[in-house]
>>> print(open('coords_7.cif').read())   # mmCIF, N, CA and C atoms
data_protein
loop_
_atom_site.label_atom_id
_atom_site.label_comp_id
_atom_site.auth_asym_id
_atom_site.auth_seq_id
_atom_site.Cartn_x
_atom_site.Cartn_y
_atom_site.Cartn_z
N MET A 295 0.01 41.53 -35.02
CA MET A 295 0.54 40.71 -36.10
C MET A 295 1.83 41.36 -36.61
N ASN A 296 2.82 40.56 -36.92
CA ASN A 296 4.09 41.03 -37.46
C ASN A 296 4.29 40.45 -38.84
N LEU A 297 5.06 41.17 -39.65
CA LEU A 297 5.34 40.70 -41.00
C LEU A 297 6.78 41.06 -41.35
N ASN A 298 7.53 40.09 -41.81
CA ASN A 298 8.91 40.30 -42.26
C ASN A 298 8.98 39.72 -43.66
N LYS A 299 8.75 40.54 -44.67
CA LYS A 299 8.68 40.08 -46.05
C LYS A 299 9.39 41.07 -46.96
N VAL A 300 10.19 40.51 -47.87
CA VAL A 300 10.94 41.32 -48.82
C VAL A 300 10.72 40.73 -50.21
N ILE A 301 10.51 41.61 -51.19
CA ILE A 301 10.45 41.20 -52.59
C ILE A 301 11.36 42.14 -53.37
N ILE A 302 12.37 41.57 -54.03
CA ILE A 302 13.26 42.41 -54.84
C ILE A 302 13.44 41.76 -56.21
N ILE A 303 13.62 42.62 -57.20
CA ILE A 303 13.91 42.18 -58.56
C ILE A 303 15.17 42.91 -58.97
N GLY A 304 16.18 42.15 -59.38
CA GLY A 304 17.43 42.77 -59.78
C GLY A 304 18.31 41.82 -60.56
N ASN A 305 19.52 42.28 -60.83
CA ASN A 305 20.50 41.49 -61.57
C ASN A 305 21.59 41.01 -60.63
N LEU A 306 22.07 39.79 -60.86
CA LEU A 306 23.14 39.25 -60.03
C LEU A 306 24.43 40.02 -60.25
N ALA A 307 25.07 40.40 -59.16
CA ALA A 307 26.32 41.16 -59.22
C ALA A 307 27.52 40.24 -59.46
N ALA A 308 27.37 38.97 -59.16
CA ALA A 308 28.44 37.97 -59.36
C ALA A 308 27.78 36.60 -59.40
N ASP A 309 28.54 35.60 -59.82
CA ASP A 309 28.02 34.23 -59.83
C ASP A 309 27.73 33.78 -58.39
N PRO A 310 26.68 32.97 -58.20
CA PRO A 310 26.36 32.48 -56.85
C PRO A 310 27.46 31.56 -56.31
N GLU A 311 27.57 31.50 -54.99
CA GLU A 311 28.54 30.63 -54.33
C GLU A 311 27.78 29.56 -53.55
N LEU A 312 27.96 28.30 -53.93
CA LEU A 312 27.29 27.18 -53.27
C LEU A 312 28.27 26.52 -52.31
N ARG A 313 27.81 26.28 -51.07
CA ARG A 313 28.61 25.58 -50.06
C ARG A 313 27.71 24.58 -49.36
N SER A 314 28.29 23.79 -48.51
CA SER A 314 27.53 22.86 -47.67
C SER A 314 27.92 23.08 -46.23
N THR A 315 26.95 22.96 -45.34
CA THR A 315 27.23 23.05 -43.91
C THR A 315 27.85 21.72 -43.48
N PRO A 316 28.44 21.65 -42.29
CA PRO A 316 29.01 20.38 -41.82
C PRO A 316 27.98 19.24 -41.79
N SER A 317 26.70 19.58 -41.63
CA SER A 317 25.67 18.54 -41.60
C SER A 317 25.21 18.13 -43.00
N GLY A 318 25.75 18.80 -44.05
CA GLY A 318 25.42 18.43 -45.42
C GLY A 318 24.34 19.29 -46.07
N GLN A 319 23.84 20.28 -45.36
CA GLN A 319 22.80 21.18 -45.89
C GLN A 319 23.42 22.13 -46.91
N SER A 320 22.80 22.27 -48.09
CA SER A 320 23.29 23.19 -49.12
C SER A 320 22.90 24.62 -48.77
N VAL A 321 23.83 25.55 -48.99
CA VAL A 321 23.56 26.97 -48.77
C VAL A 321 24.22 27.75 -49.91
N CYS A 322 23.49 28.69 -50.48
CA CYS A 322 23.99 29.46 -51.61
C CYS A 322 23.87 30.95 -51.29
N ASN A 323 24.95 31.69 -51.49
CA ASN A 323 24.95 33.14 -51.30
C ASN A 323 25.12 33.81 -52.65
N PHE A 324 24.36 34.87 -52.87
CA PHE A 324 24.56 35.70 -54.06
C PHE A 324 24.12 37.11 -53.75
N ARG A 325 24.57 38.04 -54.60
CA ARG A 325 24.24 39.45 -54.41
C ARG A 325 23.41 39.93 -55.59
N LEU A 326 22.31 40.60 -55.28
CA LEU A 326 21.46 41.20 -56.31
C LEU A 326 21.63 42.70 -56.27
N ALA A 327 21.71 43.31 -57.45
CA ALA A 327 21.79 44.77 -57.56
C ALA A 327 20.45 45.28 -58.05
N THR A 328 19.92 46.28 -57.34
CA THR A 328 18.69 46.94 -57.77
C THR A 328 19.02 48.40 -58.03
N ASN A 329 18.35 48.98 -59.02
CA ASN A 329 18.60 50.37 -59.39
C ASN A 329 17.39 51.23 -59.11
N ARG A 330 17.66 52.47 -58.73
CA ARG A 330 16.62 53.48 -58.57
C ARG A 330 17.02 54.64 -59.47
N ILE A 331 16.12 55.05 -60.34
CA ILE A 331 16.41 56.13 -61.28
C ILE A 331 15.41 57.26 -61.05
N TRP A 332 15.89 58.49 -60.98
CA TRP A 332 15.02 59.63 -60.77
C TRP A 332 15.59 60.85 -61.48
N LEU A 333 14.78 61.88 -61.61
CA LEU A 333 15.18 63.12 -62.24
C LEU A 333 15.46 64.14 -61.14
N ASP A 334 16.67 64.69 -61.11
CA ASP A 334 17.04 65.69 -60.11
C ASP A 334 16.21 66.96 -60.34
N LYS A 335 15.59 67.47 -59.27
CA LYS A 335 14.70 68.64 -59.38
C LYS A 335 15.45 69.90 -59.81
N ASN A 336 16.67 70.08 -59.32
CA ASN A 336 17.41 71.31 -59.61
C ASN A 336 18.09 71.27 -60.97
N SER A 337 18.84 70.23 -61.24
CA SER A 337 19.63 70.18 -62.47
C SER A 337 18.86 69.55 -63.64
N ARG A 338 17.70 68.93 -63.36
CA ARG A 338 16.91 68.23 -64.38
C ARG A 338 17.70 67.09 -65.02
N GLN A 339 18.76 66.62 -64.36
CA GLN A 339 19.58 65.52 -64.84
C GLN A 339 19.04 64.20 -64.28
N LYS A 340 19.15 63.18 -65.10
CA LYS A 340 18.75 61.84 -64.68
C LYS A 340 19.80 61.31 -63.70
N GLN A 341 19.35 60.82 -62.55
CA GLN A 341 20.23 60.28 -61.52
C GLN A 341 19.95 58.79 -61.36
N GLN A 342 20.98 58.06 -60.93
CA GLN A 342 20.81 56.63 -60.71
C GLN A 342 21.56 56.23 -59.45
N GLU A 343 20.93 55.34 -58.69
CA GLU A 343 21.53 54.83 -57.46
C GLU A 343 21.38 53.30 -57.47
N THR A 344 22.45 52.59 -57.19
CA THR A 344 22.42 51.13 -57.16
C THR A 344 22.57 50.66 -55.72
N GLU A 345 21.74 49.72 -55.34
CA GLU A 345 21.79 49.12 -54.01
C GLU A 345 22.11 47.65 -54.18
N PHE A 346 23.01 47.11 -53.36
CA PHE A 346 23.38 45.70 -53.42
C PHE A 346 22.80 44.97 -52.22
N HIS A 347 22.18 43.81 -52.48
CA HIS A 347 21.52 43.02 -51.45
C HIS A 347 22.15 41.63 -51.40
N THR A 348 22.46 41.17 -50.20
CA THR A 348 22.98 39.81 -50.02
C THR A 348 21.80 38.87 -49.81
N VAL A 349 21.77 37.80 -50.61
CA VAL A 349 20.68 36.82 -50.53
C VAL A 349 21.27 35.47 -50.13
N VAL A 350 20.58 34.77 -49.23
CA VAL A 350 20.98 33.44 -48.79
C VAL A 350 19.84 32.48 -49.09
N ALA A 351 20.14 31.41 -49.80
CA ALA A 351 19.15 30.37 -50.10
C ALA A 351 19.63 29.06 -49.49
N TRP A 352 18.70 28.26 -49.00
CA TRP A 352 19.03 27.00 -48.34
C TRP A 352 18.42 25.82 -49.06
N GLY A 353 19.01 24.65 -48.88
CA GLY A 353 18.45 23.39 -49.37
C GLY A 353 18.37 23.32 -50.89
N ARG A 354 17.26 22.80 -51.37
CA ARG A 354 17.07 22.63 -52.82
C ARG A 354 17.05 23.97 -53.53
N LEU A 355 16.52 25.00 -52.89
CA LEU A 355 16.50 26.34 -53.48
C LEU A 355 17.92 26.84 -53.72
N ALA A 356 18.84 26.52 -52.81
CA ALA A 356 20.25 26.89 -52.97
C ALA A 356 20.86 26.19 -54.18
N GLU A 357 20.56 24.91 -54.33
CA GLU A 357 21.10 24.15 -55.47
C GLU A 357 20.58 24.69 -56.80
N ILE A 358 19.30 25.03 -56.85
CA ILE A 358 18.70 25.58 -58.06
C ILE A 358 19.32 26.93 -58.39
N ALA A 359 19.47 27.78 -57.38
CA ALA A 359 20.07 29.11 -57.59
C ALA A 359 21.47 28.98 -58.15
N SER A 360 22.27 28.09 -57.59
CA SER A 360 23.64 27.95 -58.07
C SER A 360 23.71 27.34 -59.46
N GLN A 361 22.71 26.53 -59.82
CA GLN A 361 22.70 25.88 -61.12
C GLN A 361 22.23 26.81 -62.24
N PHE A 362 21.24 27.66 -61.97
CA PHE A 362 20.62 28.43 -63.03
C PHE A 362 20.97 29.92 -63.05
N LEU A 363 21.47 30.47 -61.95
CA LEU A 363 21.78 31.90 -61.92
C LEU A 363 23.24 32.14 -62.27
N THR A 364 23.50 33.19 -63.01
CA THR A 364 24.87 33.61 -63.34
C THR A 364 24.94 35.13 -63.23
N LYS A 365 26.14 35.64 -63.20
CA LYS A 365 26.36 37.08 -63.11
C LYS A 365 25.57 37.80 -64.21
N GLY A 366 24.83 38.84 -63.81
CA GLY A 366 24.05 39.63 -64.75
C GLY A 366 22.64 39.14 -64.96
N ALA A 367 22.32 37.91 -64.52
CA ALA A 367 20.99 37.34 -64.73
C ALA A 367 19.94 38.10 -63.92
N LEU A 368 18.76 38.22 -64.50
CA LEU A 368 17.63 38.86 -63.83
C LEU A 368 16.93 37.83 -62.95
N ALA A 369 16.59 38.22 -61.72
CA ALA A 369 15.91 37.31 -60.81
C ALA A 369 15.03 38.10 -59.85
N MET A 370 13.97 37.44 -59.40
CA MET A 370 13.12 38.00 -58.34
C MET A 370 13.23 37.09 -57.13
N VAL A 371 13.48 37.69 -55.99
CA VAL A 371 13.61 36.93 -54.75
C VAL A 371 12.55 37.43 -53.78
N GLU A 372 11.88 36.49 -53.17
CA GLU A 372 10.92 36.79 -52.13
C GLU A 372 11.41 36.08 -50.88
N GLY A 373 11.45 36.78 -49.76
CA GLY A 373 11.95 36.16 -48.54
C GLY A 373 11.76 37.05 -47.33
N ARG A 374 12.67 36.88 -46.37
CA ARG A 374 12.59 37.64 -45.13
C ARG A 374 13.95 38.23 -44.80
N LEU A 375 13.97 39.31 -44.04
CA LEU A 375 15.22 39.92 -43.61
C LEU A 375 15.74 39.24 -42.36
N ARG A 376 17.06 39.10 -42.30
CA ARG A 376 17.71 38.56 -41.11
C ARG A 376 19.00 39.35 -40.90
N THR A 377 19.24 39.81 -39.68
CA THR A 377 20.47 40.51 -39.35
C THR A 377 21.29 39.64 -38.41
N ARG A 378 22.53 39.38 -38.82
CA ARG A 378 23.46 38.59 -38.01
C ARG A 378 24.51 39.53 -37.42
N SER A 379 25.07 39.14 -36.29
CA SER A 379 26.16 39.93 -35.70
C SER A 379 27.28 38.99 -35.26
N TRP A 380 28.50 39.50 -35.23
CA TRP A 380 29.68 38.75 -34.81
C TRP A 380 30.75 39.74 -34.42
N GLN A 381 31.80 39.24 -33.79
CA GLN A 381 32.95 40.08 -33.44
C GLN A 381 34.10 39.75 -34.36
N ASP A 382 34.73 40.79 -34.92
CA ASP A 382 35.88 40.56 -35.80
C ASP A 382 37.13 40.30 -34.96
N ALA A 383 38.25 40.10 -35.62
CA ALA A 383 39.51 39.78 -34.94
C ALA A 383 39.94 40.87 -33.96
N SER A 384 39.54 42.11 -34.22
CA SER A 384 39.90 43.24 -33.35
C SER A 384 38.92 43.41 -32.20
N GLY A 385 37.89 42.60 -32.14
CA GLY A 385 36.91 42.69 -31.06
C GLY A 385 35.76 43.64 -31.37
N ASN A 386 35.71 44.20 -32.59
CA ASN A 386 34.61 45.10 -32.97
C ASN A 386 33.39 44.29 -33.37
N LYS A 387 32.22 44.76 -32.96
CA LYS A 387 30.99 44.07 -33.32
C LYS A 387 30.59 44.48 -34.74
N LYS A 388 30.33 43.47 -35.58
CA LYS A 388 29.95 43.69 -36.97
C LYS A 388 28.53 43.17 -37.18
N TYR A 389 27.81 43.78 -38.13
CA TYR A 389 26.45 43.39 -38.45
C TYR A 389 26.31 43.19 -39.95
N ARG A 390 25.44 42.26 -40.34
CA ARG A 390 25.13 42.06 -41.76
C ARG A 390 23.64 41.72 -41.85
N THR A 391 22.93 42.47 -42.68
CA THR A 391 21.52 42.19 -42.94
C THR A 391 21.43 41.49 -44.28
N GLU A 392 20.73 40.35 -44.29
CA GLU A 392 20.62 39.52 -45.49
C GLU A 392 19.15 39.23 -45.76
N ILE A 393 18.89 38.82 -46.98
CA ILE A 393 17.56 38.33 -47.35
C ILE A 393 17.64 36.81 -47.39
N VAL A 394 16.84 36.15 -46.59
CA VAL A 394 16.76 34.69 -46.62
C VAL A 394 15.67 34.34 -47.63
N ALA A 395 16.08 33.75 -48.75
CA ALA A 395 15.17 33.48 -49.86
C ALA A 395 14.18 32.38 -49.50
N GLN A 396 12.91 32.61 -49.85
CA GLN A 396 11.88 31.60 -49.71
C GLN A 396 11.29 31.24 -51.07
N THR A 397 11.34 32.19 -52.00
CA THR A 397 10.87 31.98 -53.37
C THR A 397 11.86 32.64 -54.31
N LEU A 398 12.14 31.95 -55.40
CA LEU A 398 13.06 32.48 -56.41
C LEU A 398 12.38 32.37 -57.76
N GLN A 399 12.31 33.48 -58.47
CA GLN A 399 11.76 33.46 -59.82
C GLN A 399 12.87 33.90 -60.76
N LEU A 400 13.20 33.02 -61.70
CA LEU A 400 14.27 33.29 -62.65
C LEU A 400 13.76 34.18 -63.75
N GLY A 401 14.61 35.08 -64.23
CA GLY A 401 14.25 35.92 -65.36
C GLY A 401 14.31 35.11 -66.65
N PRO A 402 13.84 35.69 -67.76
CA PRO A 402 13.90 34.98 -69.04
C PRO A 402 15.34 34.62 -69.38
N ARG A 403 15.53 33.51 -70.05
CA ARG A 403 16.88 33.12 -70.46
C ARG A 403 17.45 34.20 -71.35
N GLY A 404 18.67 34.55 -71.10
CA GLY A 404 19.33 35.57 -71.90
C GLY A 404 19.02 36.98 -71.44
N ALA A 405 18.16 37.13 -70.41
CA ALA A 405 17.83 38.47 -69.92
C ALA A 405 18.90 38.91 -68.95
N LYS A 406 19.84 39.68 -69.44
CA LYS A 406 20.91 40.19 -68.60
C LYS A 406 20.91 41.70 -68.66
N MET A 407 21.13 42.31 -67.55
CA MET A 407 21.24 43.75 -67.42
C MET A 407 20.06 44.49 -68.07
N GLY A 408 18.86 43.92 -67.90
CA GLY A 408 17.65 44.60 -68.33
C GLY A 408 17.31 44.48 -69.80
N THR A 409 18.01 43.65 -70.57
CA THR A 409 17.67 43.49 -71.99
C THR A 409 17.00 42.15 -72.19
N THR A 410 15.86 42.15 -72.87
CA THR A 410 15.13 40.93 -73.15
C THR A 410 14.87 40.82 -74.64
N PRO A 411 15.38 39.79 -75.31
CA PRO A 411 15.08 39.61 -76.73
C PRO A 411 13.58 39.43 -76.94
N LYS A 412 13.05 39.92 -78.06
CA LYS A 412 11.61 39.88 -78.34
C LYS A 412 11.09 38.45 -78.37
N ASP A 413 11.85 37.51 -78.91
CA ASP A 413 11.37 36.13 -79.01
C ASP A 413 11.31 35.43 -77.66
N GLN A 414 11.96 35.98 -76.64
CA GLN A 414 11.94 35.34 -75.33
C GLN A 414 10.98 36.03 -74.37
N SER A 415 10.36 37.13 -74.76
CA SER A 415 9.52 37.88 -73.85
C SER A 415 8.26 37.12 -73.45
N LYS A 416 7.81 36.12 -74.23
CA LYS A 416 6.60 35.37 -73.91
C LYS A 416 6.92 34.05 -73.23
N GLU A 417 8.19 33.81 -72.92
CA GLU A 417 8.60 32.56 -72.29
C GLU A 417 8.04 32.46 -70.88
N GLU A 418 7.57 31.27 -70.49
CA GLU A 418 7.10 31.01 -69.15
C GLU A 418 8.28 31.12 -68.19
N ILE A 419 8.12 31.86 -67.11
CA ILE A 419 9.17 32.03 -66.11
C ILE A 419 8.81 31.17 -64.91
N PRO A 420 9.65 30.18 -64.56
CA PRO A 420 9.31 29.29 -63.45
C PRO A 420 9.46 29.99 -62.10
N ILE A 421 8.62 29.62 -61.16
CA ILE A 421 8.71 30.10 -59.79
C ILE A 421 9.11 28.92 -58.93
N ILE A 422 10.16 29.08 -58.17
CA ILE A 422 10.66 27.99 -57.33
C ILE A 422 10.49 28.41 -55.89
N GLU A 423 9.76 27.62 -55.11
CA GLU A 423 9.49 27.96 -53.73
C GLU A 423 10.17 26.98 -52.80
N GLU A 424 10.60 27.50 -51.65
CA GLU A 424 11.16 26.67 -50.61
C GLU A 424 10.00 25.95 -49.93
N PRO A 425 10.07 24.62 -49.78
CA PRO A 425 8.97 23.93 -49.10
C PRO A 425 8.93 24.32 -47.63
N SER A 426 7.73 24.62 -47.12
CA SER A 426 7.63 24.99 -45.71
C SER A 426 7.79 23.74 -44.86
N THR A 427 8.30 23.92 -43.66
CA THR A 427 8.54 22.77 -42.77
C THR A 427 7.23 22.16 -42.32
N GLU A 428 6.15 22.97 -42.23
CA GLU A 428 4.87 22.45 -41.78
C GLU A 428 4.22 21.59 -42.86
N SER A 429 4.32 22.02 -44.13
CA SER A 429 3.60 21.31 -45.19
C SER A 429 4.46 20.30 -45.93
N ALA A 430 5.71 20.12 -45.53
CA ALA A 430 6.57 19.15 -46.22
C ALA A 430 6.00 17.75 -46.02
N GLY A 431 5.64 17.11 -47.12
CA GLY A 431 5.11 15.76 -47.07
C GLY A 431 3.64 15.67 -46.76
N LYS A 432 2.95 16.81 -46.57
CA LYS A 432 1.52 16.81 -46.28
C LYS A 432 0.77 17.41 -47.46
N GLU A 433 -0.47 17.01 -47.61
CA GLU A 433 -1.34 17.62 -48.62
C GLU A 433 -1.84 18.93 -48.04
N GLU A 434 -2.12 19.90 -48.92
CA GLU A 434 -2.69 21.18 -48.49
C GLU A 434 -4.08 20.92 -47.93
N GLU A 435 -4.37 21.46 -46.74
CA GLU A 435 -5.68 21.32 -46.14
C GLU A 435 -6.44 22.62 -46.30
N GLU A 436 -7.76 22.51 -46.44
CA GLU A 436 -8.60 23.70 -46.51
C GLU A 436 -8.79 24.22 -45.10
N ILE A 437 -8.70 25.52 -44.94
CA ILE A 437 -8.83 26.13 -43.61
C ILE A 437 -10.29 26.49 -43.37
N ASP A 438 -10.79 26.05 -42.22
CA ASP A 438 -12.15 26.38 -41.84
C ASP A 438 -12.13 27.75 -41.19
N VAL A 439 -12.95 28.68 -41.67
CA VAL A 439 -12.97 30.06 -41.17
C VAL A 439 -13.27 30.09 -39.69
N LYS A 440 -14.05 29.14 -39.18
CA LYS A 440 -14.43 29.10 -37.76
C LYS A 440 -13.24 28.82 -36.86
N GLU A 441 -12.15 28.26 -37.42
CA GLU A 441 -10.97 27.92 -36.63
C GLU A 441 -10.00 29.09 -36.48
N ILE A 442 -10.21 30.20 -37.20
CA ILE A 442 -9.34 31.36 -37.12
C ILE A 442 -9.64 32.10 -35.81
N PRO A 443 -8.62 32.36 -34.98
CA PRO A 443 -8.86 32.88 -33.64
C PRO A 443 -9.22 34.37 -33.57
N PHE A 444 -9.37 35.07 -34.66
CA PHE A 444 -9.74 36.49 -34.57
C PHE A 444 -10.89 36.82 -35.47
#
>>> encode(input="coords_7.cif", output="structure tokens")
Amino acid sequence: MNLNKVIIIGNLAADPELRSTPSGQSVCNFRLATNRIWLDKNSRQKQQETEFHTVVAWGRLAEIASQFLTKGALAMVEGRLRTRSWQDASGNKKYRTEIVAQTLQLGPRGAKMGTTPKDQSKEEIPIIEEPSTESAGKEEEEIDVKEIPF
């Protein structure tokens, strides 16, 4: 069995960019920044490291991301990793690893750069999922344990 799953929670580094493919499919790119904070063993100083992640959302999820996310907003993305490669103008092979979003959870309104007002901390946070191609237009079926091949 294989698993390609990523869950990250971070702040948007810039406003999302919404585009359309030639066939009319919506695609939205944005970058999430995640921080790691630790105490240096030798100097006892607090250290911080920021990692930037490129996220790609498709279809309705892309439209929602572009409509509701802004620079600094807190968001949780659940998806899968994908690495693309291409050749630049000089003939050098380039690589980019991205997170293809399958679920997007928006942070509380006004929650930017890790600050949440007390009156908004109890607000319901919506979870937006990409519809799977198998279940699009179908009702959820109960799985019979006898049908599982292992």
>>> atom_distance(input="coords_7.cif", atom1="CA of Leu375 (chain A)", atom2="atom N of Trp332 (chain A)")
25.4 Å
>>> residues_around(input="coords_7.cif", residues="Ala308 (chain A)", least_positions_apart="2", cutoff="6 Å", atoms="all atoms listed in the file", output="PyMOL selection string")
chain A and resi 306+310+325+364-366
>>> atom_distance(input="coords_7.cif", atom1="atom C of Leu355 (chain A)", atom2="atom N of Lys299 (chain A)")
18.8 Å
>>> resolve_selection(input="coords_7.cif", expression="the PyMOL selection byres (((chain A and resi 353 and name CA) around 8) and name CA)", output="PyMOL selection string")
chain A and resi 319-321+351-352+354-357
>>> write_last_selection(input="coords_7.cif", atoms="N, CA and C atoms", output="compact mmCIF listing (two decimals), in the frame of the given file")
# COMPACT_ATOMS: atom_id res chain seq x y z
N GLN A 319 23.84 20.28 -45.36
CA GLN A 319 22.80 21.18 -45.89
C GLN A 319 23.42 22.13 -46.91
N SER A 320 22.80 22.27 -48.09
CA SER A 320 23.29 23.19 -49.12
C SER A 320 22.90 24.62 -48.77
N VAL A 321 23.83 25.55 -48.99
CA VAL A 321 23.56 26.97 -48.77
C VAL A 321 24.22 27.75 -49.91
N ALA A 351 20.14 31.41 -49.80
CA ALA A 351 19.15 30.37 -50.10
C ALA A 351 19.63 29.06 -49.49
N TRP A 352 18.70 28.26 -49.00
CA TRP A 352 19.03 27.00 -48.34
C TRP A 352 18.42 25.82 -49.06
N ARG A 354 17.26 22.80 -51.37
CA ARG A 354 17.07 22.63 -52.82
C ARG A 354 17.05 23.97 -53.53
N LEU A 355 16.52 25.00 -52.89
CA LEU A 355 16.50 26.34 -53.48
C LEU A 355 17.92 26.84 -53.72
N ALA A 356 18.84 26.52 -52.81
CA ALA A 356 20.25 26.89 -52.97
C ALA A 356 20.86 26.19 -54.18
N GLU A 357 20.56 24.91 -54.33
CA GLU A 357 21.10 24.15 -55.47
C GLU A 357 20.58 24.69 -56.80
>>> atom_distance(input="coords_7.cif", atom1="atom C of Leu312 (chain A)", atom2="atom C of Asn329 (chain A)")
27.8 Å
>>> resolve_selection(input="coords_7.cif", expression="the PyMOL selection byres (((chain A and resi 302 and name CA) around 10) and name CA)", output="PDB file with N, CA and C atoms, keeping the file's coordinate frame")
ATOM      1  N   VAL A 300      10.190  40.510 -47.870  1.00  0.00           N
ATOM      2  CA  VAL A 300      10.940  41.320 -48.820  1.00  0.00           C
ATOM      3  C   VAL A 300      10.720  40.730 -50.210  1.00  0.00           C
ATOM      4  N   ILE A 301      10.510  41.610 -51.190  1.00  0.00           N
ATOM      5  CA  ILE A 301      10.450  41.200 -52.590  1.00  0.00           C
ATOM      6  C   ILE A 301      11.360  42.140 -53.370  1.00  0.00           C
ATOM      7  N   ILE A 303      13.620  42.620 -57.200  1.00  0.00           N
ATOM      8  CA  ILE A 303      13.910  42.180 -58.560  1.00  0.00           C
ATOM      9  C   ILE A 303      15.170  42.910 -58.970  1.00  0.00           C
ATOM     10  N   GLY A 304      16.180  42.150 -59.380  1.00  0.00           N
ATOM     11  CA  GLY A 304      17.430  42.770 -59.780  1.00  0.00           C
ATOM     12  C   GLY A 304      18.310  41.820 -60.560  1.00  0.00           C
ATOM     13  N   ASN A 305      19.520  42.280 -60.830  1.00  0.00           N
ATOM     14  CA  ASN A 305      20.500  41.490 -61.570  1.00  0.00           C
ATOM     15  C   ASN A 305      21.590  41.010 -60.630  1.00  0.00           C
ATOM     16  N   LEU A 326      22.310  40.600 -55.280  1.00  0.00           N
ATOM     17  CA  LEU A 326      21.460  41.200 -56.310  1.00  0.00           C
ATOM     18  C   LEU A 326      21.630  42.700 -56.270  1.00  0.00           C
ATOM     19  N   ALA A 327      21.710  43.310 -57.450  1.00  0.00           N
ATOM     20  CA  ALA A 327      21.790  44.770 -57.560  1.00  0.00           C
ATOM     21  C   ALA A 327      20.450  45.280 -58.050  1.00  0.00           C
ATOM     22  N   THR A 328      19.920  46.280 -57.340  1.00  0.00           N
ATOM     23  CA  THR A 328      18.690  46.940 -57.770  1.00  0.00           C
ATOM     24  C   THR A 328      19.020  48.400 -58.030  1.00  0.00           C
ATOM     25  N   HIS A 347      22.180  43.810 -52.480  1.00  0.00           N
ATOM     26  CA  HIS A 347      21.520  43.020 -51.450  1.00  0.00           C
ATOM     27  C   HIS A 347      22.150  41.630 -51.400  1.00  0.00           C
ATOM     28  N   ALA A 369      16.590  38.220 -61.720  1.00  0.00           N
ATOM     29  CA  ALA A 369      15.910  37.310 -60.810  1.00  0.00           C
ATOM     30  C   ALA A 369      15.030  38.100 -59.850  1.00  0.00           C
ATOM     31  N   MET A 370      13.970  37.440 -59.400  1.00  0.00           N
ATOM     32  CA  MET A 370      13.120  38.000 -58.340  1.00  0.00           C
ATOM     33  C   MET A 370      13.230  37.090 -57.130  1.00  0.00           C
ATOM     34  N   VAL A 371      13.480  37.690 -55.990  1.00  0.00           N
ATOM     35  CA  VAL A 371      13.610  36.930 -54.750  1.00  0.00           C
ATOM     36  C   VAL A 371      12.550  37.430 -53.780  1.00  0.00           C
ATOM     37  N   GLU A 372      11.880  36.490 -53.170  1.00  0.00           N
ATOM     38  CA  GLU A 372      10.920  36.790 -52.130  1.00  0.00           C
ATOM     39  C   GLU A 372      11.410  36.080 -50.880  1.00  0.00           C
ATOM     40  N   GLY A 373      11.450  36.780 -49.760  1.00  0.00           N
ATOM     41  CA  GLY A 373      11.950  36.160 -48.540  1.00  0.00           C
ATOM     42  C   GLY A 373      11.760  37.050 -47.330  1.00  0.00           C
ATOM     43  N   ILE A 393      18.890  38.820 -46.980  1.00  0.00           N
ATOM     44  CA  ILE A 393      17.560  38.330 -47.350  1.00  0.00           C
ATOM     45  C   ILE A 393      17.640  36.810 -47.390  1.00  0.00           C
TER      46      ILE A 393
END
>>> closest_residue(input="coords_7.cif", among="A:Glu423, A:Thr377, A:Ala359, A:Val350", to="Val394 (chain A)", atoms="all atoms listed in the file")
A:Val350
>>> closest_residue(input="coords_7.cif", among="A:Arg376, A:Ile331, A:Leu400, A:Lys388", to="Phe362 (chain A)", atoms="all atoms listed in the file")
A:Leu400
>>> select_by_dssp(input="coords_7.cif", residues="region 334-419 of chain A", states="alpha helix (DSSP H)", output="list in words")
Gly353, Arg354, Leu355, Ala356, Glu357, Ile358, Ala359, Ser360, Gln361 and Phe362 of chain A
>>> closest_residue(input="coords_7.cif", among="A:Thr348, A:Ser317, A:Gly401, A:Asn298", to="Arg374 (chain A)", atoms="all atoms listed in the file")
A:Asn298
>>> residues_near_point(input="coords_7.cif", point="(31.5, 37.2, -39.0)", cutoff="9 Å", atoms="only C-alpha atoms", output="list in words")
Arg378, Ser379, Trp380, Gln381, Asp382, Lys387, Lys388, Tyr389 and Arg390 of chain A
>>> closest_residue(input="coords_7.cif", among="A:Leu363, A:Gln399, A:Glu311, A:Thr344", to="Asn323 (chain A)", atoms="only N, CA and C atoms")
A:Glu311
